[in-house]
Amino acid sequence: MDLENSHILLGVTGGIAAYKSVELLRLLKKAGANVHVAMTDAAQKFVGKTTFEVLSENPVLTDLWKDTHSSVTHIDIANSVDASLVAPATANFIGKLAMGIADDALSTTLLAVTSPIMICPSMNTDMYQNIRVQRNLDILEQDGIHIVDPDAGVLACKTVGTGRLPEPWFIFDRLDALLTKKDLGGRQVLITAGPTIEAIDPVRYISNHSSGKMGYAIARAAEKRGARVTLVTGPVSIDPPVGVECIPVESCDEMADAVFSNLEAADIIIKVAAVADYKPVDPATLKIKKTQNSKNLTISMTENMDILKRIGELKTEKQFLVGFAAETNDLEKHALAKIKKKNLDMIAANLVGSDDSGFKTDTNKVKLFFKDGASKDIPLMDKHKVAHLLLDTIIEQTG
Ligand code: PMT
């Protein structure tokens, strides 16, 4: 199940964080979901129903008596949704849900829902920690309702503590994970992403254009599909994927150390990182100064370890090894040479240097090659979709 074309019930209850639900709705709509919003009376004191109506392009359910003129009744909504999300969920609403009380449009609709329900508690810290609220949350958890824990920080009541509604992108990400099939459950996936940087002196380095987007997209997709993911990442400016163990590194040597410490446990290894092939032989300990007598500076370089090739030598029968090939020309020839030289099960080859594929872009066009010479095209698409198709192929190959 994908959020695209899914049917989602977004419940909004009366907390100050209700304004964040507007952004959440926007993210869901952008992902292609059909969203039905249901609001409690208190929620409407914080944000107007019209905002949700316009953005969702659906009538907003607020009152079972007044809204019965709508062609979509609360039971129709309950039957049609793939998942329901209540954000923010107040202490009062959590109590009603835990006790099975149906005294407004949202609580009544949720009693009729049989698909997964996720709630995002948000309230003052003392209220959140109150034994009765915690007991109700325990009941809901035991009933199979998914709970997104609140963040800690400064709350609207000026208290500092736990109770803040997480950011909309985080809630969106967790709902996406809830709806994603868990076909990598029980598998350990080791991924590398981003560039490495090789020091010339304390202020300068040699690196490349990798943004980390491709590797992070694969890490996110694998986590959502139930894998335990370790991401060894060069320096990038992307938020760490939720639920993924991230190991930040800088140089090829550091990346090698992190990879080999985590190699044994891995079932699937995907090396997306753009590792520098060479490093300065002897990085200066002090900043190299401009000299007046020479216009040229020569930096002596030495070869870095080929991490992927070494994994290819060490890998066991049960491990599936995937390399990436970044090429500017002769994609197939170079990819096939690398799959052989590095003893890979599969290589994902992409052309770099174009506007829509390779480094930094949000999209990629990849050709997968296998040990036996077979190949498979992944046409130009968003890197997140490329990530899922790559994982689909790995699952097909590994059974
Ligand atoms: O990060 P983005 O901006 O999203 O860009 C994505 C990407 C273009 C970086 C990615 O799709 C990609 O192609 N990654 C591989 C980059 C690369 O280093 O390619 P390569 O052909 O030079 O290396 C082949 C393989 O050997 C790679 O899996 C690489 O991780 C590995 N390698 C290379 C050198 C080295 N010393 N050690 C290695 O492990």
# chains A, B, ... in the order shown; residues from 1 in each chain; ligands from 1
call {"tool": "residues_around", "arguments": {"residues": "Gly243 of chain A", "least_positions_apart": "4", "cutoff": "12 Å", "atoms": "only C-alpha atoms", "output": "list in words"}}
result
Phe170, Asp173, Arg174, Ala177, Ala219, Arg220, Ala221, Ala222, Glu223, Lys224, Arg225, Gly226, Ala227, Arg228, Val229, Thr230, Leu231 and Asp239 of chain A
call {"tool": "write_last_selection", "arguments": {"atoms": "N, CA, C and O atoms", "output": "PDB file, in the first residue's frame"}}
result
ATOM      1  N   PHE A 170       7.274  14.419  10.023  1.00  0.00           N
ATOM      2  CA  PHE A 170       7.567  13.216  10.796  1.00  0.00           C
ATOM      3  C   PHE A 170       6.311  12.328  10.876  1.00  0.00           C
ATOM      4  O   PHE A 170       6.367  11.108  10.679  1.00  0.00           O
ATOM      5  N   ASP A 173       5.697  10.767   7.606  1.00  0.00           N
ATOM      6  CA  ASP A 173       6.652   9.682   7.386  1.00  0.00           C
ATOM      7  C   ASP A 173       6.211   8.406   8.106  1.00  0.00           C
ATOM      8  O   ASP A 173       6.280   7.305   7.569  1.00  0.00           O
ATOM      9  N   ARG A 174       5.724   8.560   9.358  1.00  0.00           N
ATOM     10  CA  ARG A 174       5.307   7.383  10.130  1.00  0.00           C
ATOM     11  C   ARG A 174       4.018   6.763   9.571  1.00  0.00           C
ATOM     12  O   ARG A 174       3.823   5.557   9.625  1.00  0.00           O
ATOM     13  N   ALA A 177       5.088   4.816   6.649  1.00  0.00           N
ATOM     14  CA  ALA A 177       5.690   3.553   7.101  1.00  0.00           C
ATOM     15  C   ALA A 177       4.601   2.556   7.493  1.00  0.00           C
ATOM     16  O   ALA A 177       4.686   1.356   7.184  1.00  0.00           O
ATOM     17  N   ALA A 219      17.605   3.983   2.173  1.00  0.00           N
ATOM     18  CA  ALA A 219      17.558   3.701   3.615  1.00  0.00           C
ATOM     19  C   ALA A 219      16.135   3.895   4.151  1.00  0.00           C
ATOM     20  O   ALA A 219      15.616   3.068   4.905  1.00  0.00           O
ATOM     21  N   ARG A 220      15.501   5.014   3.731  1.00  0.00           N
ATOM     22  CA  ARG A 220      14.126   5.286   4.179  1.00  0.00           C
ATOM     23  C   ARG A 220      13.180   4.191   3.717  1.00  0.00           C
ATOM     24  O   ARG A 220      12.355   3.694   4.494  1.00  0.00           O
ATOM     25  N   ALA A 221      13.299   3.815   2.452  1.00  0.00           N
ATOM     26  CA  ALA A 221      12.385   2.812   1.890  1.00  0.00           C
ATOM     27  C   ALA A 221      12.573   1.469   2.603  1.00  0.00           C
ATOM     28  O   ALA A 221      11.601   0.783   2.931  1.00  0.00           O
ATOM     29  N   ALA A 222      13.834   1.094   2.857  1.00  0.00           N
ATOM     30  CA  ALA A 222      14.105  -0.208   3.502  1.00  0.00           C
ATOM     31  C   ALA A 222      13.552  -0.226   4.928  1.00  0.00           C
ATOM     32  O   ALA A 222      12.970  -1.223   5.373  1.00  0.00           O
ATOM     33  N   GLU A 223      13.704   0.895   5.647  1.00  0.00           N
ATOM     34  CA  GLU A 223      13.181   0.963   7.031  1.00  0.00           C
ATOM     35  C   GLU A 223      11.662   0.813   7.022  1.00  0.00           C
ATOM     36  O   GLU A 223      11.085   0.085   7.836  1.00  0.00           O
ATOM     37  N   LYS A 224      11.023   1.521   6.062  1.00  0.00           N
ATOM     38  CA  LYS A 224       9.558   1.448   5.998  1.00  0.00           C
ATOM     39  C   LYS A 224       9.093   0.048   5.640  1.00  0.00           C
ATOM     40  O   LYS A 224       7.994  -0.356   6.002  1.00  0.00           O
ATOM     41  N   ARG A 225       9.929  -0.692   4.917  1.00  0.00           N
ATOM     42  CA  ARG A 225       9.549  -2.053   4.530  1.00  0.00           C
ATOM     43  C   ARG A 225       9.941  -3.075   5.593  1.00  0.00           C
ATOM     44  O   ARG A 225       9.896  -4.270   5.355  1.00  0.00           O
ATOM     45  N   GLY A 226      10.327  -2.597   6.763  1.00  0.00           N
ATOM     46  CA  GLY A 226      10.501  -3.491   7.916  1.00  0.00           C
ATOM     47  C   GLY A 226      11.924  -3.919   8.192  1.00  0.00           C
ATOM     48  O   GLY A 226      12.161  -4.675   9.137  1.00  0.00           O
ATOM     49  N   ALA A 227      12.906  -3.460   7.370  1.00  0.00           N
ATOM     50  CA  ALA A 227      14.290  -3.876   7.609  1.00  0.00           C
ATOM     51  C   ALA A 227      14.899  -3.100   8.773  1.00  0.00           C
ATOM     52  O   ALA A 227      14.475  -1.994   9.086  1.00  0.00           O
ATOM     53  N   ARG A 228      15.913  -3.714   9.381  1.00  0.00           N
ATOM     54  CA  ARG A 228      16.759  -2.961  10.313  1.00  0.00           C
ATOM     55  C   ARG A 228      17.866  -2.365   9.444  1.00  0.00           C
ATOM     56  O   ARG A 228      18.561  -3.109   8.730  1.00  0.00           O
ATOM     57  N   VAL A 229      17.994  -1.058   9.477  1.00  0.00           N
ATOM     58  CA  VAL A 229      18.896  -0.406   8.525  1.00  0.00           C
ATOM     59  C   VAL A 229      20.028   0.319   9.232  1.00  0.00           C
ATOM     60  O   VAL A 229      19.805   1.057  10.189  1.00  0.00           O
ATOM     61  N   THR A 230      21.235   0.082   8.747  1.00  0.00           N
ATOM     62  CA  THR A 230      22.389   0.862   9.198  1.00  0.00           C
ATOM     63  C   THR A 230      22.856   1.672   7.999  1.00  0.00           C
ATOM     64  O   THR A 230      23.083   1.131   6.922  1.00  0.00           O
ATOM     65  N   LEU A 231      22.966   2.981   8.204  1.00  0.00           N
ATOM     66  CA  LEU A 231      23.362   3.884   7.119  1.00  0.00           C
ATOM     67  C   LEU A 231      24.698   4.530   7.479  1.00  0.00           C
ATOM     68  O   LEU A 231      24.785   5.294   8.434  1.00  0.00           O
ATOM     69  N   ASP A 239      18.205  15.459   6.620  1.00  0.00           N
ATOM     70  CA  ASP A 239      17.884  14.941   7.957  1.00  0.00           C
ATOM     71  C   ASP A 239      18.072  13.425   7.985  1.00  0.00           C
ATOM     72  O   ASP A 239      17.733  12.742   7.013  1.00  0.00           O
TER      73      ASP A 239
END
call {"tool": "select_by_dssp", "arguments": {"residues": "segment 113-220 of chain A", "states": "helix (DSSP H, G or I)", "output": "count of residues only"}}
result
37
call {"tool": "closest_atom_pairs", "arguments": {"of": "segment 170-202 of chain A", "to": "segment 84-88 of chain A", "cutoff": "12 Å", "atoms": "only C-alpha atoms", "output": "tab-separated table"}}
result
residue	atom	partner	partner_atom	distance
A:Phe170	CA	A:Ala87	CA	11.8
A:Ile171	CA	A:Ala87	CA	8.5
A:Phe172	CA	A:Leu85	CA	9.6
A:Arg174	CA	A:Leu85	CA	10.4
A:Leu175	CA	A:Leu85	CA	7.8
A:Asp176	CA	A:Leu85	CA	11.1
A:Leu178	CA	A:Ser84	CA	10.6
A:Leu179	CA	A:Ser84	CA	10.7
call {"tool": "residues_around", "arguments": {"residues": "Ala387 of chain A", "least_positions_apart": "5", "cutoff": "8 Å", "atoms": "only C-alpha atoms", "output": "ChimeraX atom specification"}}
result
/A:214,217-218,221
call {"tool": "write_last_selection", "arguments": {"atoms": "C-alpha atoms", "output": "mmCIF file, in the first residue's frame"}}
result
data_model
loop_
_atom_site.group_PDB
_atom_site.id
_atom_site.type_symbol
_atom_site.label_atom_id
_atom_site.label_comp_id
_atom_site.auth_asym_id
_atom_site.auth_seq_id
_atom_site.Cartn_x
_atom_site.Cartn_y
_atom_site.Cartn_z
ATOM 1 C CA MET A 214 19.801 8.370 -3.542
ATOM 2 C CA ALA A 217 15.969 7.305 -0.185
ATOM 3 C CA ILE A 218 16.971 3.618 -0.155
ATOM 4 C CA ALA A 221 12.385 2.812 1.890
#
call {"tool": "residues_near_ligand", "arguments": {"ligand": "ligand 1", "cutoff": "6 Å", "atoms": "only C-alpha atoms and all ligand atoms", "output": "ChimeraX atom specification"}}
result
/A:194,210-214,271-277,304-308,323-326,350,358-360
call {"tool": "atom_distance", "arguments": {"atom1": "atom CA of Leu55 of chain A", "atom2": "atom CA of Arg26 of chain A"}}
result
6.8 Å
call {"tool": "atom_distance", "arguments": {"atom1": "atom CA of Leu3 of chain A", "atom2": "atom CA of Gly153 of chain A"}}
result
29.7 Å
call {"tool": "atom_distance", "arguments": {"atom1": "atom CA of Val37 of chain A", "atom2": "atom CA of Glu53 of chain A"}}
result
7.8 Å
call {"tool": "closest_residue", "arguments": {"among": "A:Ile77, A:Leu61, A:Ile200, A:Val281", "to": "Asp104 of chain A", "atoms": "only C-alpha atoms"}}
result
A:Leu61
call {"tool": "closest_residue", "arguments": {"among": "A:Gly185, A:Pro121, A:Pro283, A:Pro116", "to": "Ile206 of chain A", "atoms": "only C-alpha atoms"}}
result
A:Pro283
call {"tool": "select_by_dssp", "arguments": {"residues": "segment 24-213 of chain A", "states": "strand (DSSP E)", "output": "PyMOL selection string"}}
result
chain A and resi 34-39+83-89+117-121+146-147+151-154+160-164+188-193+198-199+205-206
call {"tool": "closest_atom_pairs", "arguments": {"of": "segment 157-216 of chain A", "to": "segment 314-321 of chain A", "cutoff": "12 Å", "atoms": "only C-alpha atoms", "output": "Markdown table"}}
result
| residue | atom | partner | partner_atom | distance |
| --- | --- | --- | --- | --- |
| A:Arg187 | CA | A:Gln319 | CA | 10.6 |
| A:Gln188 | CA | A:Gln319 | CA | 10.0 |
| A:Val189 | CA | A:Phe320 | CA | 9.6 |
| A:Leu190 | CA | A:Leu321 | CA | 9.7 |
| A:Ile191 | CA | A:Leu321 | CA | 10.3 |
call {"tool": "write_last_selection", "arguments": {"atoms": "N, CA, C and O atoms", "output": "compact mmCIF listing (two decimals), in the first residue's frame"}}
result
# COMPACT_ATOMS: atom_id res chain seq x y z
N ARG A 187 15.17 -8.56 8.01
CA ARG A 187 16.45 -8.45 7.28
C ARG A 187 17.25 -7.25 7.78
O ARG A 187 16.70 -6.22 8.15
N GLN A 188 18.57 -7.42 7.73
CA GLN A 188 19.49 -6.34 8.14
C GLN A 188 20.10 -5.77 6.86
O GLN A 188 20.68 -6.50 6.06
N VAL A 189 19.92 -4.47 6.66
CA VAL A 189 20.41 -3.85 5.43
C VAL A 189 21.47 -2.80 5.79
O VAL A 189 21.25 -1.94 6.64
N LEU A 190 22.62 -2.91 5.14
CA LEU A 190 23.71 -1.96 5.35
C LEU A 190 23.85 -1.11 4.10
O LEU A 190 24.01 -1.64 2.99
N ILE A 191 23.73 0.21 4.28
CA ILE A 191 23.75 1.12 3.12
C ILE A 191 24.83 2.18 3.35
O ILE A 191 25.02 2.64 4.48
call {"tool": "residues_around", "arguments": {"residues": "Ala349 of chain A", "least_positions_apart": "3", "cutoff": "9 Å", "atoms": "only C-alpha atoms", "output": "list in words"}}
result
Gly323, Phe324, Ala325, Ala326, Glu327, Leu331, Glu332, His334, Ala335, Lys365, Val366, Lys367, Leu368 and Phe369 of chain A
call {"tool": "write_last_selection", "arguments": {"atoms": "all heavy atoms", "output": "tab-separated table (two decimals), in the first residue's frame"}}
result
chain	number	residue	atom	x	y	z
A	323	GLY	N	26.27	-2.86	-5.84
A	323	GLY	CA	27.11	-1.67	-6.02
A	323	GLY	C	26.36	-0.66	-6.87
A	323	GLY	O	25.34	-0.98	-7.49
A	324	PHE	N	26.83	0.56	-6.88
A	324	PHE	CA	26.32	1.58	-7.80
A	324	PHE	C	27.47	1.95	-8.73
A	324	PHE	O	28.64	1.85	-8.34
A	324	PHE	CB	25.86	2.82	-7.02
A	324	PHE	CG	24.37	2.84	-6.77
A	324	PHE	CD1	23.81	1.94	-5.87
A	324	PHE	CD2	23.54	3.73	-7.43
A	324	PHE	CE1	22.44	1.95	-5.65
A	324	PHE	CE2	22.17	3.76	-7.21
A	324	PHE	CZ	21.61	2.86	-6.32
A	325	ALA	N	27.16	2.34	-9.94
A	325	ALA	CA	28.19	2.83	-10.85
A	325	ALA	C	27.77	4.19	-11.36
A	325	ALA	O	26.69	4.34	-11.92
A	325	ALA	CB	28.37	1.85	-12.01
A	326	ALA	N	28.60	5.18	-11.12
A	326	ALA	CA	28.33	6.54	-11.62
A	326	ALA	C	29.22	6.73	-12.83
A	326	ALA	O	30.45	6.73	-12.72
A	326	ALA	CB	28.67	7.55	-10.54
A	327	GLU	N	28.61	6.85	-13.99
A	327	GLU	CA	29.39	6.93	-15.23
A	327	GLU	C	29.01	8.16	-16.04
A	327	GLU	O	27.89	8.66	-15.95
A	327	GLU	CB	29.14	5.67	-16.10
A	327	GLU	CG	29.33	4.35	-15.38
A	327	GLU	CD	30.77	4.09	-14.92
A	327	GLU	OE1	31.69	4.79	-15.39
A	327	GLU	OE2	30.97	3.22	-14.05
A	331	LEU	N	28.01	3.38	-20.17
A	331	LEU	CA	27.39	2.90	-18.93
A	331	LEU	C	27.46	1.37	-18.79
A	331	LEU	O	27.95	0.84	-17.79
A	331	LEU	CB	25.93	3.37	-18.91
A	331	LEU	CG	25.16	3.21	-17.62
A	331	LEU	CD1	25.63	4.22	-16.60
A	331	LEU	CD2	23.66	3.40	-17.84
A	332	GLU	N	26.99	0.69	-19.82
A	332	GLU	CA	26.88	-0.77	-19.76
A	332	GLU	C	28.26	-1.42	-19.63
A	332	GLU	O	28.46	-2.30	-18.78
A	332	GLU	CB	26.16	-1.26	-21.02
A	332	GLU	CG	26.02	-2.75	-21.05
A	332	GLU	CD	24.84	-3.21	-21.90
A	332	GLU	OE1	24.06	-2.36	-22.37
A	332	GLU	OE2	24.72	-4.43	-22.08
A	334	HIS	N	31.13	-0.20	-18.50
A	334	HIS	CA	31.77	0.02	-17.20
A	334	HIS	C	31.04	-0.74	-16.08
A	334	HIS	O	31.67	-1.30	-15.19
A	334	HIS	CB	31.79	1.52	-16.88
A	334	HIS	CG	32.71	2.29	-17.79
A	334	HIS	ND1	34.01	1.95	-18.00
A	334	HIS	CD2	32.49	3.41	-18.52
A	334	HIS	CE1	34.58	2.81	-18.84
A	334	HIS	NE2	33.67	3.71	-19.18
A	335	ALA	N	29.69	-0.75	-16.15
A	335	ALA	CA	28.91	-1.42	-15.09
A	335	ALA	C	29.23	-2.92	-15.09
A	335	ALA	O	29.44	-3.52	-14.03
A	335	ALA	CB	27.44	-1.18	-15.31
A	365	LYS	N	17.68	7.97	-13.25
A	365	LYS	CA	17.39	6.97	-14.27
A	365	LYS	C	18.47	5.91	-14.12
A	365	LYS	O	19.66	6.23	-14.22
A	365	LYS	CB	17.46	7.63	-15.65
A	365	LYS	CG	17.04	6.76	-16.78
A	365	LYS	CD	17.02	7.58	-18.05
A	365	LYS	CE	16.82	6.65	-19.21
A	365	LYS	NZ	17.52	7.09	-20.38
A	366	VAL	N	18.06	4.69	-13.82
A	366	VAL	CA	19.02	3.67	-13.41
A	366	VAL	C	18.86	2.43	-14.29
A	366	VAL	O	17.75	2.07	-14.68
A	366	VAL	CB	18.77	3.30	-11.92
A	366	VAL	CG1	19.55	2.09	-11.49
A	366	VAL	CG2	19.11	4.47	-11.01
A	367	LYS	N	19.98	1.79	-14.60
A	367	LYS	CA	19.89	0.48	-15.26
A	367	LYS	C	20.53	-0.54	-14.33
A	367	LYS	O	21.67	-0.36	-13.89
A	367	LYS	CB	20.61	0.55	-16.61
A	367	LYS	CG	20.42	-0.68	-17.45
A	367	LYS	CD	20.68	-0.43	-18.91
A	367	LYS	CE	20.32	-1.67	-19.71
A	367	LYS	NZ	20.21	-1.47	-21.11
A	368	LEU	N	19.76	-1.59	-14.02
A	368	LEU	CA	20.28	-2.62	-13.13
A	368	LEU	C	20.90	-3.73	-13.96
A	368	LEU	O	20.31	-4.19	-14.95
A	368	LEU	CB	19.15	-3.22	-12.29
A	368	LEU	CG	18.33	-2.23	-11.43
A	368	LEU	CD1	17.20	-2.97	-10.71
A	368	LEU	CD2	19.23	-1.53	-10.42
A	369	PHE	N	22.09	-4.17	-13.57
A	369	PHE	CA	22.75	-5.31	-14.23
A	369	PHE	C	22.96	-6.41	-13.19
A	369	PHE	O	23.23	-6.12	-12.02
A	369	PHE	CB	24.11	-4.88	-14.79
A	369	PHE	CG	24.01	-3.88	-15.90
A	369	PHE	CD1	24.09	-2.52	-15.63
A	369	PHE	CD2	23.82	-4.29	-17.22
A	369	PHE	CE1	23.98	-1.58	-16.65
A	369	PHE	CE2	23.72	-3.35	-18.24
A	369	PHE	CZ	23.80	-2.00	-17.97
call {"tool": "residues_around", "arguments": {"residues": "segment 287-293 of chain A", "least_positions_apart": "6", "cutoff": "12 Å", "atoms": "only C-alpha atoms", "output": "MDAnalysis selection string"}}
result
chainID A and resid 199:205 299
call {"tool": "write_last_selection", "arguments": {"atoms": "C-alpha atoms", "output": "mmCIF file, in the first residue's frame"}}
result
data_model
loop_
_atom_site.group_PDB
_atom_site.id
_atom_site.type_symbol
_atom_site.label_atom_id
_atom_site.label_comp_id
_atom_site.auth_asym_id
_atom_site.auth_seq_id
_atom_site.Cartn_x
_atom_site.Cartn_y
_atom_site.Cartn_z
ATOM 1 C CA ALA A 199 41.663 16.191 3.762
ATOM 2 C CA ILE A 200 44.368 18.233 2.017
ATOM 3 C CA ASP A 201 44.974 20.324 5.128
ATOM 4 C CA PRO A 202 42.766 21.304 8.129
ATOM 5 C CA VAL A 203 40.634 23.626 5.980
ATOM 6 C CA ARG A 204 40.555 22.053 2.498
ATOM 7 C CA TYR A 205 39.508 18.710 1.080
ATOM 8 C CA ILE A 299 49.321 17.475 -4.189
#
